$ cat data30.cif   # mmCIF, C-alpha atoms
data_start
loop_
_atom_site.label_atom_id
_atom_site.label_comp_id
_atom_site.auth_asym_id
_atom_site.auth_seq_id
_atom_site.Cartn_x
_atom_site.Cartn_y
_atom_site.Cartn_z
CA MET U 21 73.59 114.58 103.54
CA ALA U 22 77.05 115.77 104.50
CA PHE U 23 80.20 114.16 105.85
CA GLY U 24 81.01 114.57 109.52
CA GLN U 25 84.07 113.56 111.49
CA TYR U 26 84.29 111.81 114.85
CA GLU U 27 86.88 112.58 117.51
CA ASP U 28 88.96 109.54 116.52
CA ASP U 29 89.14 110.85 112.90
CA SER U 30 86.59 108.32 111.68
CA ALA U 31 83.98 109.82 109.36
CA ALA U 32 80.45 109.11 108.17
CA LEU U 33 77.77 110.57 105.93
CA PHE U 34 75.15 112.27 108.12
CA PHE U 35 71.66 113.51 107.30
CA ASN U 36 71.40 117.29 107.44
CA ASP U 37 67.95 117.21 109.05
CA HIS U 38 68.76 114.27 111.35
CA PRO U 39 72.37 114.78 112.45
CA GLU U 40 72.21 111.78 114.77
CA GLU U 41 71.59 109.44 111.82
CA THR U 42 74.05 108.25 109.16
CA PHE U 43 73.59 106.87 105.68
CA SER U 44 75.04 103.50 106.66
CA GLY U 45 73.70 103.41 110.21
CA TRP U 46 69.96 104.07 110.06
CA ILE U 47 69.16 100.60 108.67
CA VAL U 48 70.75 98.90 111.69
CA ARG U 49 67.47 99.19 113.60
CA LEU U 50 65.79 97.34 110.70
CA ARG U 51 68.25 94.46 110.82
CA PRO U 52 66.44 91.14 110.41
CA LYS U 53 66.22 88.76 113.34
CA ASP U 54 69.18 86.38 113.34
CA PRO U 55 67.87 83.02 112.04
CA TYR U 56 70.94 81.27 113.42
CA TYR U 57 70.13 82.28 116.98
CA GLY U 58 67.57 80.37 119.06
CA SER U 59 64.99 77.91 117.80
CA LYS U 60 64.19 77.20 114.16
CA PRO U 61 62.90 80.42 112.54
CA ASP U 62 59.12 80.58 112.15
CA TRP U 63 58.87 83.94 110.35
CA LYS U 64 59.11 85.10 106.74
CA PRO U 65 61.40 87.71 105.21
CA VAL U 66 60.00 91.24 105.00
CA LEU U 67 60.07 91.12 101.20
CA ALA U 68 58.79 87.53 100.86
CA GLU U 69 55.76 88.60 98.79
CA THR U 70 57.96 90.17 96.13
CA PHE U 71 60.73 87.56 96.21
CA GLU U 72 59.07 84.20 96.88
CA GLN U 73 62.37 82.31 96.61
CA LEU U 74 63.83 84.28 99.53
CA ASN U 75 64.24 82.69 102.97
CA VAL U 76 65.30 84.30 106.25
CA TYR U 77 68.91 83.20 105.80
CA ASP U 78 69.07 84.86 102.40
CA GLU U 79 67.47 87.98 103.87
CA MET U 80 70.21 88.26 106.48
CA ILE U 81 72.95 87.95 103.86
CA LEU U 82 71.33 90.59 101.64
CA TYR U 83 71.11 92.91 104.64
CA TYR U 84 74.84 92.43 105.26
CA LEU U 85 75.56 93.20 101.59
CA LEU U 86 73.48 96.38 101.74
CA PHE U 87 75.23 97.54 104.92
CA THR U 88 78.64 96.74 103.41
CA ILE U 89 77.95 98.76 100.27
CA ASN U 90 76.52 101.74 102.17
CA SER U 91 79.47 101.83 104.57
CA THR U 92 81.78 102.42 101.59
CA LEU U 93 81.12 106.08 102.38
CA SER U 94 82.31 105.74 105.99
CA ILE U 95 85.90 105.87 107.20
CA ASN U 96 87.03 103.72 110.12
CA THR U 97 90.28 104.49 111.92
CA HIS U 98 89.71 102.82 115.28
CA ASN U 99 92.97 100.90 115.03
CA THR U 100 95.63 99.86 112.53
CA TYR U 101 93.56 96.83 111.51
CA SER U 102 90.57 99.06 110.74
CA GLU U 103 92.72 101.50 108.78
CA MET U 104 94.19 98.75 106.60
CA ASN U 105 90.74 97.29 105.94
CA ASP U 106 89.49 100.75 105.02
CA VAL U 107 92.37 101.27 102.59
CA MET U 108 91.75 97.90 100.93
CA LYS U 109 88.00 98.34 100.67
CA LYS U 110 88.21 101.86 99.23
CA TYR U 111 91.03 100.83 96.89
CA SER U 112 89.02 97.88 95.57
CA PHE U 113 85.98 100.12 95.10
CA LEU U 114 88.10 102.53 93.04
CA GLN U 115 89.56 99.77 90.88
CA LEU U 116 86.17 98.14 90.25
CA SER U 117 85.14 101.45 88.66
CA HIS U 118 88.19 101.36 86.35
CA LEU U 119 88.15 97.80 85.05
CA HIS U 120 85.38 97.95 82.47
CA ASP U 121 87.04 100.74 80.45
CA THR U 122 90.53 99.24 80.61
CA THR U 123 91.63 98.17 77.11
CA CYS U 124 95.11 96.79 77.87
CA LEU U 125 93.60 93.73 79.57
CA ASN U 126 91.62 91.02 77.79
CA VAL U 127 88.17 89.89 78.93
CA ALA U 128 89.49 86.96 80.98
CA GLN U 129 92.04 89.16 82.75
CA LYS U 130 89.41 91.76 83.61
CA GLN U 131 87.09 89.09 84.96
CA SER U 132 89.88 87.66 87.12
CA LEU U 133 90.68 91.07 88.56
CA ARG U 134 86.99 91.88 89.05
CA ASP U 135 86.59 88.72 91.14
CA PHE U 136 89.76 89.58 93.04
CA PHE U 137 88.75 93.18 93.82
CA PHE U 138 85.18 92.27 94.75
CA PHE U 139 86.44 89.55 97.08
CA ILE U 140 88.81 92.02 98.79
CA TYR U 141 86.05 94.67 98.92
CA LEU U 142 83.82 92.33 100.93
CA TYR U 143 86.62 90.65 102.89
CA ALA U 144 88.00 93.98 104.10
CA HIS U 145 84.63 95.21 105.38
CA PRO U 146 84.74 92.49 106.90
CA VAL U 147 81.84 90.08 106.23
CA ASN U 148 81.21 86.46 107.21
CA ASP U 149 81.90 83.56 104.85
CA GLU U 150 78.27 83.19 103.77
CA THR U 151 78.19 86.81 102.64
CA LEU U 152 81.70 86.69 101.16
CA TYR U 153 80.68 83.99 98.67
CA ALA U 154 76.99 84.91 98.28
CA CYS U 155 77.18 86.69 94.92
CA SER U 156 78.03 85.88 91.33
CA TRP U 157 78.26 87.93 88.14
CA ASP U 158 75.78 87.95 85.28
CA GLN U 159 77.76 90.03 82.81
CA GLN U 160 77.89 93.40 84.65
CA ARG U 161 75.22 92.61 87.23
CA LEU U 162 75.74 91.22 90.70
CA ILE U 163 73.33 88.41 91.52
CA HIS U 164 72.56 86.73 94.82
CA SER U 165 73.63 83.27 93.65
CA LYS U 166 71.25 81.09 95.68
CA THR U 167 68.06 82.96 94.79
CA GLY U 168 69.05 84.50 91.46
CA ILE U 169 67.91 87.92 92.69
CA PRO U 170 69.85 90.87 91.20
CA LEU U 171 71.17 93.08 94.01
CA LYS U 172 69.82 96.15 92.22
CA ASP U 173 66.26 94.78 92.27
CA TYR U 174 66.44 93.71 95.89
CA PHE U 175 67.87 97.00 97.17
CA ALA U 176 65.38 99.10 95.19
CA THR U 177 62.47 97.04 96.54
CA TYR U 178 63.89 97.25 100.07
CA TYR U 179 63.95 101.05 100.06
CA ASP U 180 60.55 101.31 98.39
CA HIS U 181 59.03 99.01 101.02
CA TYR U 182 60.25 101.13 103.93
CA THR U 183 59.24 104.32 102.14
CA THR U 184 55.69 103.06 101.61
CA HIS U 185 55.36 101.52 105.08
CA ARG U 186 57.38 104.09 106.99
CA ASP U 187 54.58 104.75 109.51
CA LYS U 188 54.52 101.06 110.42
CA TYR U 189 58.21 101.30 111.39
CA ALA U 190 58.00 104.69 113.12
CA ASP U 191 59.94 103.44 116.16
CA GLN U 192 62.87 102.29 114.00
CA ILE U 193 62.96 104.87 111.21
CA MET U 194 63.85 108.44 112.17
CA ILE U 195 64.47 109.81 108.68
CA SER U 196 61.83 110.98 106.19
CA ALA U 197 60.45 109.13 103.18
CA GLU U 198 62.30 111.57 100.94
CA GLU U 199 65.56 110.76 102.72
CA ILE U 200 64.93 107.02 102.32
CA GLN U 201 64.58 107.56 98.59
CA ALA U 202 67.80 109.60 98.59
CA CYS U 203 69.48 106.60 100.22
CA LYS U 204 68.06 104.36 97.53
CA ALA U 205 69.54 106.55 94.79
CA LEU U 206 72.93 106.65 96.51
CA THR U 207 73.04 102.89 97.19
CA LEU U 208 72.20 102.11 93.57
CA GLU U 209 74.89 104.54 92.42
CA LEU U 210 77.45 102.79 94.64
CA LEU U 211 76.32 99.45 93.24
CA GLN U 212 76.71 100.75 89.69
CA VAL U 213 80.31 101.71 90.49
CA ILE U 214 81.04 98.22 91.84
CA GLU U 215 79.43 96.60 88.79
CA GLY U 216 81.41 98.84 86.43
CA ARG U 217 78.31 100.45 84.97
CA SER U 218 79.13 104.05 85.89
CA SER U 219 81.81 106.48 84.81
CA LYS U 220 85.13 105.56 86.33
CA LEU U 221 86.10 107.31 89.53
CA ILE U 222 89.13 109.59 89.43
CA ILE U 223 91.09 111.06 92.28
CA PRO U 224 91.73 114.82 92.18
CA SER U 225 95.01 116.15 90.86
CA VAL U 226 97.31 118.13 93.14
CA LYS U 227 100.27 120.26 92.13
CA GLY U 228 103.46 118.28 92.54
CA LEU U 229 101.74 114.89 92.25
CA GLU U 230 100.52 115.08 88.64
CA PRO U 231 102.64 112.20 87.22
CA VAL U 232 101.56 109.64 89.82
CA ILE U 233 97.90 110.76 89.81
CA GLU U 234 97.78 110.46 86.02
CA LEU U 235 98.92 106.85 86.32
CA ILE U 236 96.40 106.11 89.07
CA ASN U 237 93.52 107.58 87.08
CA ASP U 238 94.53 105.87 83.83
CA VAL U 239 95.30 102.17 84.25
CA ASP U 240 95.88 101.79 80.51
CA GLY U 241 98.39 104.63 80.65
CA MET U 242 100.19 102.99 83.56
CA LEU U 243 100.37 99.61 81.83
CA LYS U 244 101.53 101.18 78.57
CA LEU U 245 104.25 103.22 80.30
CA TYR U 246 105.46 100.16 82.20
CA LYS U 247 105.55 98.08 79.02
CA ASP U 248 107.23 100.72 76.84
CA ASP U 249 109.56 102.32 79.39
CA PRO U 250 109.75 100.55 82.76
CA SER U 251 112.60 102.84 83.86
CA ALA U 252 110.30 105.88 83.47
CA PHE U 253 107.65 104.13 85.55
CA CYS U 254 110.20 103.33 88.27
CA GLN U 255 111.45 106.92 88.19
CA ILE U 256 107.98 108.16 89.19
CA ILE U 257 108.13 105.81 92.17
CA ARG U 258 111.66 106.99 92.97
CA ASP U 259 110.64 110.67 92.87
CA LEU U 260 107.67 109.99 95.12
CA LEU U 261 109.84 108.16 97.63
CA ALA U 262 112.54 110.86 97.54
CA ASP U 263 109.92 113.49 98.36
CA ALA U 264 108.66 111.44 101.29
CA MET U 265 112.17 110.77 102.60
CA MET U 266 113.04 114.48 102.37
CA ASP U 267 110.04 115.29 104.55
CA MET U 268 111.19 112.75 107.13
CA THR U 269 114.69 114.25 107.14
CA LEU U 270 113.36 117.81 107.55
CA GLU U 271 111.09 116.75 110.41
CA THR U 272 113.97 115.01 112.16
CA ASN U 273 116.27 118.03 111.76
CA ALA U 274 113.56 120.45 112.85
CA GLY U 275 112.91 118.42 115.97
CA ALA U 276 116.59 118.29 116.85
CA GLY U 277 116.98 122.02 116.25
CA ALA U 278 113.99 122.87 118.42
CA LYS U 279 115.39 120.87 121.32
CA ALA U 280 118.82 122.44 121.01
CA ASN U 281 117.58 126.07 120.80
CA SER U 282 114.29 126.05 122.72
CA GLY U 283 113.28 129.01 124.84
CA THR U 284 114.23 132.07 122.74
CA ASP U 285 111.75 134.56 121.21
CA THR U 286 113.12 133.80 117.76
CA ASP U 287 112.48 130.11 118.24
CA ASN U 288 108.95 130.77 119.51
CA ASN U 289 108.21 132.89 116.43
CA ALA U 290 109.57 130.15 114.19
CA ASP U 291 107.36 127.62 115.95
CA SER U 292 104.33 129.81 115.31
CA LEU U 293 105.22 130.11 111.64
CA GLN U 294 105.67 126.37 111.41
CA LEU U 295 102.23 125.77 112.96
CA ALA U 296 100.64 128.16 110.47
CA THR U 297 101.88 126.16 107.49
CA GLU U 298 101.74 122.73 109.08
CA GLY U 299 98.10 122.06 108.22
CA ASP U 300 98.45 122.44 104.46
CA SER U 301 101.72 120.52 104.31
CA GLU U 302 100.25 117.72 106.41
CA HIS U 303 97.30 117.36 104.03
CA PHE U 304 99.73 117.20 101.10
CA ARG U 305 101.86 114.56 102.84
CA LEU U 306 98.84 112.43 103.64
CA TYR U 307 97.59 112.62 100.06
CA ARG U 308 101.05 111.92 98.66
CA ASP U 309 101.38 108.86 100.91
CA TYR U 310 97.94 107.70 99.82
CA CYS U 311 98.96 108.05 96.15
CA PHE U 312 102.19 106.18 96.87
CA THR U 313 100.22 103.30 98.38
CA VAL U 314 97.74 103.20 95.50
CA LEU U 315 100.44 103.23 92.81
CA LEU U 316 102.35 100.38 94.46
CA GLN U 317 99.16 98.35 94.89
CA ASN U 318 98.32 99.04 91.23
CA TYR U 319 101.68 97.55 90.36
CA ALA U 320 100.86 94.49 92.46
CA SER U 321 97.29 94.16 91.16
CA TYR U 322 97.71 94.87 87.45
CA ILE U 323 101.23 93.58 86.84
CA LEU U 324 102.35 91.07 89.49
CA PHE U 325 98.86 89.52 89.58
CA PHE U 326 99.48 88.23 86.05
CA ASP U 327 103.24 87.69 86.20
CA PHE U 328 104.93 87.73 89.59
CA ASN U 329 108.34 87.48 87.90
CA GLU U 330 107.94 91.12 86.88
CA ILE U 331 108.91 92.03 90.44
CA ARG U 332 112.49 91.47 89.33
CA VAL U 333 112.16 94.55 87.11
CA LEU U 334 111.40 96.63 90.18
CA ILE U 335 114.25 95.06 92.13
CA ASP U 336 116.71 95.74 89.30
CA ALA U 337 115.65 99.39 89.18
CA PHE U 338 116.25 100.00 92.89
CA LYS U 339 118.80 97.40 94.02
CA ASP U 340 121.69 99.92 93.88
CA ASN U 341 120.01 101.82 96.71
CA PRO U 342 119.15 99.14 99.30
CA LYS U 343 117.35 101.57 101.61
CA GLU U 344 114.99 102.75 98.85
CA CYS U 345 114.45 99.22 97.63
CA SER U 346 113.60 97.97 101.11
CA ILE U 347 111.08 100.74 101.70
CA ILE U 348 109.33 100.18 98.36
CA ILE U 349 109.24 96.39 98.50
CA SER U 350 108.21 96.22 102.17
CA LYS U 351 105.52 98.86 101.68
CA MET U 352 104.07 97.07 98.67
CA PHE U 353 103.97 93.78 100.58
CA THR U 354 102.54 95.08 103.87
CA ASP U 355 100.28 98.09 103.15
CA THR U 356 97.57 95.60 102.16
CA ILE U 357 97.07 91.83 101.97
CA PHE U 358 96.85 91.89 98.15
CA LEU U 359 100.24 90.29 97.56
CA GLN U 360 99.61 87.85 100.38
CA LYS U 361 96.46 86.66 98.62
CA ILE U 362 98.12 86.64 95.18
CA ILE U 363 101.01 84.53 96.52
CA ARG U 364 98.64 82.02 98.13
CA GLN U 365 96.21 81.96 95.20
CA GLN U 366 98.96 81.32 92.68
CA ASN U 367 101.09 79.03 94.88
CA ILE U 368 104.12 81.29 94.61
CA ASP U 369 107.13 80.16 96.65
CA LEU U 370 109.01 83.20 97.93
CA ASN U 371 112.03 81.00 98.61
CA GLU U 372 112.55 81.17 94.86
CA TYR U 373 112.89 84.96 95.08
CA PRO U 374 115.80 85.61 97.48
CA GLU U 375 116.58 88.82 95.59
CA VAL U 376 113.18 90.07 96.77
CA THR U 377 113.05 88.78 100.34
CA ARG U 378 116.48 90.17 101.19
CA PHE U 379 114.92 93.63 101.03
CA PHE U 380 112.09 92.78 103.43
CA ASP U 381 111.92 94.89 106.58
CA GLU U 382 111.00 93.32 109.92
CA LYS U 383 107.25 93.58 109.34
CA ALA U 384 107.45 91.98 105.90
CA ARG U 385 109.62 89.18 107.26
CA GLU U 386 107.05 88.50 110.00
CA TRP U 387 104.28 88.34 107.42
CA PHE U 388 105.92 86.24 104.73
CA LEU U 389 108.97 84.37 106.04
#
$ encode --input "data30.cif" --output "structure tokens"
Amino acid sequence: MAFGQYEDDSAALFFNDHPEETFSGWIVRLRPKDPYYGSKPDWKPVLAETFEQLNVYDEMILYYLLFTINSTLSINTHNTYSEMNDVMKKYSFLQLSHLHDTTCLNVAQKQSLRDFFFFIYLYAHPVNDETLYACSWDQQRLIHSKTGIPLKDYFATYYDHYTTHRDKYADQIMISAEEIQACKALTLELLQVIEGRSSKLIIPSVKGLEPVIELINDVDGMLKLYKDDPSAFCQIIRDLLADAMMDMTLETNAGAGAKANSGTDTDNNADSLQLATEGDSEHFRLYRDYCFTVLLQNYASYILFFDFNEIRVLIDAFKDNPKECSIIISKMFTDTIFLQKIIRQQNIDLNEYPEVTRFFDEKAREWFL
């Protein structure tokens, strides 16, 4: 399989030998009949012989869970709503891989965050309510609560069934038996990440972003730095923001200069030079902005989740520069719905934090005030 990109910048994992099929998409033609539609269902689940406790409603939920997990390796950018959901789902997937090895949090704290991240992971897909609350944890195993079936066992049996009976489903299955088994291996690997039973995922380091990437890849390191030297932690945020703001200033000045001096050979040569370097710098900017988002959401998830009053530390560090403070606070509150959920879940009254809300931009005010 290999990743391919659509015209709208969405991406999916395609089969090399069947370029019209994707890892997450080929099972759509095997979707169970909807038991909620039409008369009372009079059929049995495909895997009823293996899982006798399974009914057609459970089968539909387990299909949704399988599709949700497989689509972790797709990117949706159809609109702003899709982009935010994608960010939240991928972020939660990354953090679920980190939690088990985190030593700065106690068992209860890790369980609380695991529930939080798994909820967001499903919610951001998005799934319906039945699927959202369908699973529970048995230590580090996800279980379909109603039937007691471990997701690992169900998914493995699902792929094995369609591998063995592929000829029976020839009209629905275009990929080979070998490719079905490759999907099985990949799905189970994704599930292991979610359950915290694989090595933690790390994002690649890039020159110029080493301090922030080190904090993202090492939650313990981030928590220790924040505890021991919060000003050093805030300085990393400040440096990241300064870099981003410098880019915005340069782009604004370049645009103004181009308009004022357009038409000369010198200007045309400069434009060509700019285009030649634009691609690399754009990739760096996008990655930097991604890291900025992740670091701020880490602050929300690992620090404010347990003590929202810690936000006053961040405010104190940046209050002397209202523009910086507004950008940081508003971004942290509106890049995702994490803080929205934390505030509701913990019954936090933002009216008690005027020193925070005064830095809200228009979008944050619309969301929270």
$ axis_aligned_box --input "data30.cif" --around "region 52-57 of chain U" --padding-each-side "5 Å" --output "lines of an AutoDock Vina configuration file"
center_x = 68.6
center_y = 86.2
center_z = 113.7
size_x = 14.7
size_y = 19.9
size_z = 16.6
$ residues_around --input "data30.cif" --residues "Leu125 (chain U)" --least-positions-apart "5" --cutoff "12 Å" --atoms "only C-alpha atoms" --output "list of chain:residue names"
U:His118, U:Leu119, U:His120, U:Lys130, U:Gln131, U:Ser132, U:Leu133, U:Arg134, U:Val239, U:Asp240, U:Gly241, U:Leu243, U:Lys244, U:Tyr322, U:Ile323, U:Phe326
$ residues_around --input "data30.cif" --residues "Ile169 (chain U)" --least-positions-apart "4" --cutoff "10 Å" --atoms "all atoms listed in the file" --output "PyMOL selection string"
chain U and resi 71+73-74+82+155+162-165+173-174
$ resolve_selection --input "data30.cif" --expression "the PyMOL selection byres ((chain U and resi 176-189) around 10)" --output "ChimeraX atom specification"
/U:49-50,66-67,70-71,83,86,171-175,190-205,207-208
$ resolve_selection --input "data30.cif" --expression "the PyMOL selection byres ((chain U and resi 103) around 12)" --output "list in words"
Asp28, Asp29, Ser30, Ser94, Ile95, Asn96, Thr97, His98, Asn99, Thr100, Tyr101, Ser102, Met104, Asn105, Asp106, Val107, Met108, Lys109, Lys110, Ala144, His145, Asp355 and Thr356 of chain U
$ write_last_selection --input "data30.cif" --atoms "C-alpha atoms" --output "CSV table (one decimal), in the frame of the given file"
chain,number,residue,atom,x,y,z
U,28,ASP,CA,89.0,109.5,116.5
U,29,ASP,CA,89.1,110.8,112.9
U,30,SER,CA,86.6,108.3,111.7
U,94,SER,CA,82.3,105.7,106.0
U,95,ILE,CA,85.9,105.9,107.2
U,96,ASN,CA,87.0,103.7,110.1
U,97,THR,CA,90.3,104.5,111.9
U,98,HIS,CA,89.7,102.8,115.3
U,99,ASN,CA,93.0,100.9,115.0
U,100,THR,CA,95.6,99.9,112.5
U,101,TYR,CA,93.6,96.8,111.5
U,102,SER,CA,90.6,99.1,110.7
U,104,MET,CA,94.2,98.8,106.6
U,105,ASN,CA,90.7,97.3,105.9
U,106,ASP,CA,89.5,100.8,105.0
U,107,VAL,CA,92.4,101.3,102.6
U,108,MET,CA,91.8,97.9,100.9
U,109,LYS,CA,88.0,98.3,100.7
U,110,LYS,CA,88.2,101.9,99.2
U,144,ALA,CA,88.0,94.0,104.1
U,145,HIS,CA,84.6,95.2,105.4
U,355,ASP,CA,100.3,98.1,103.2
U,356,THR,CA,97.6,95.6,102.2
$ resolve_selection --input "data30.cif" --expression "the PyMOL selection byres ((chain U and resi 335) around 9)" --output "compact mmCIF listing (two decimals) with C-alpha atoms, keeping the file's coordinate frame"
# COMPACT_ATOMS: atom_id res chain seq x y z
CA ILE U 331 108.91 92.03 90.44
CA ARG U 332 112.49 91.47 89.33
CA VAL U 333 112.16 94.55 87.11
CA LEU U 334 111.40 96.63 90.18
CA ASP U 336 116.71 95.74 89.30
CA ALA U 337 115.65 99.39 89.18
CA PHE U 338 116.25 100.00 92.89
CA LYS U 339 118.80 97.40 94.02
CA CYS U 345 114.45 99.22 97.63
CA ILE U 349 109.24 96.39 98.50
CA GLU U 375 116.58 88.82 95.59
CA VAL U 376 113.18 90.07 96.77
$ atom_distance --input "data30.cif" --atom1 "CA of Leu33 (chain U)" --atom2 "CA of Phe136 (chain U)"
27.4 Å
$ atom_distance --input "data30.cif" --atom1 "CA of Gly45 (chain U)" --atom2 "CA of Thr88 (chain U)"
10.7 Å
$ residues_near_point --input "data30.cif" --point "(88.8, 102.5, 90.6)" --cutoff "12 Å" --atoms "only C-alpha atoms" --output "ChimeraX atom specification"
/U:108-122,133-134,137-138,141,213-216,218-223,235-239,314-315,317-318,321
$ closest_residue --input "data30.cif" --among "U:Met242, U:Ile368, U:Ile233, U:Ile348" --to "Asp327 (chain U)" --atoms "all atoms listed in the file"
U:Ile368
$ atom_distance --input "data30.cif" --atom1 "CA of Ile89 (chain U)" --atom2 "CA of Arg217 (chain U)"
15.4 Å
$ residues_around --input "data30.cif" --residues "Arg378 (chain U)" --least-positions-apart "6" --cutoff "12 Å" --atoms "only C-alpha atoms" --output "list in words"
Ile335, Lys339, Pro342, Lys343, Cys345, Ser346, Ile347, Ile349, Ser350, Leu370, Asn371, Glu372, Ala384, Arg385, Phe388 and Leu389 of chain U
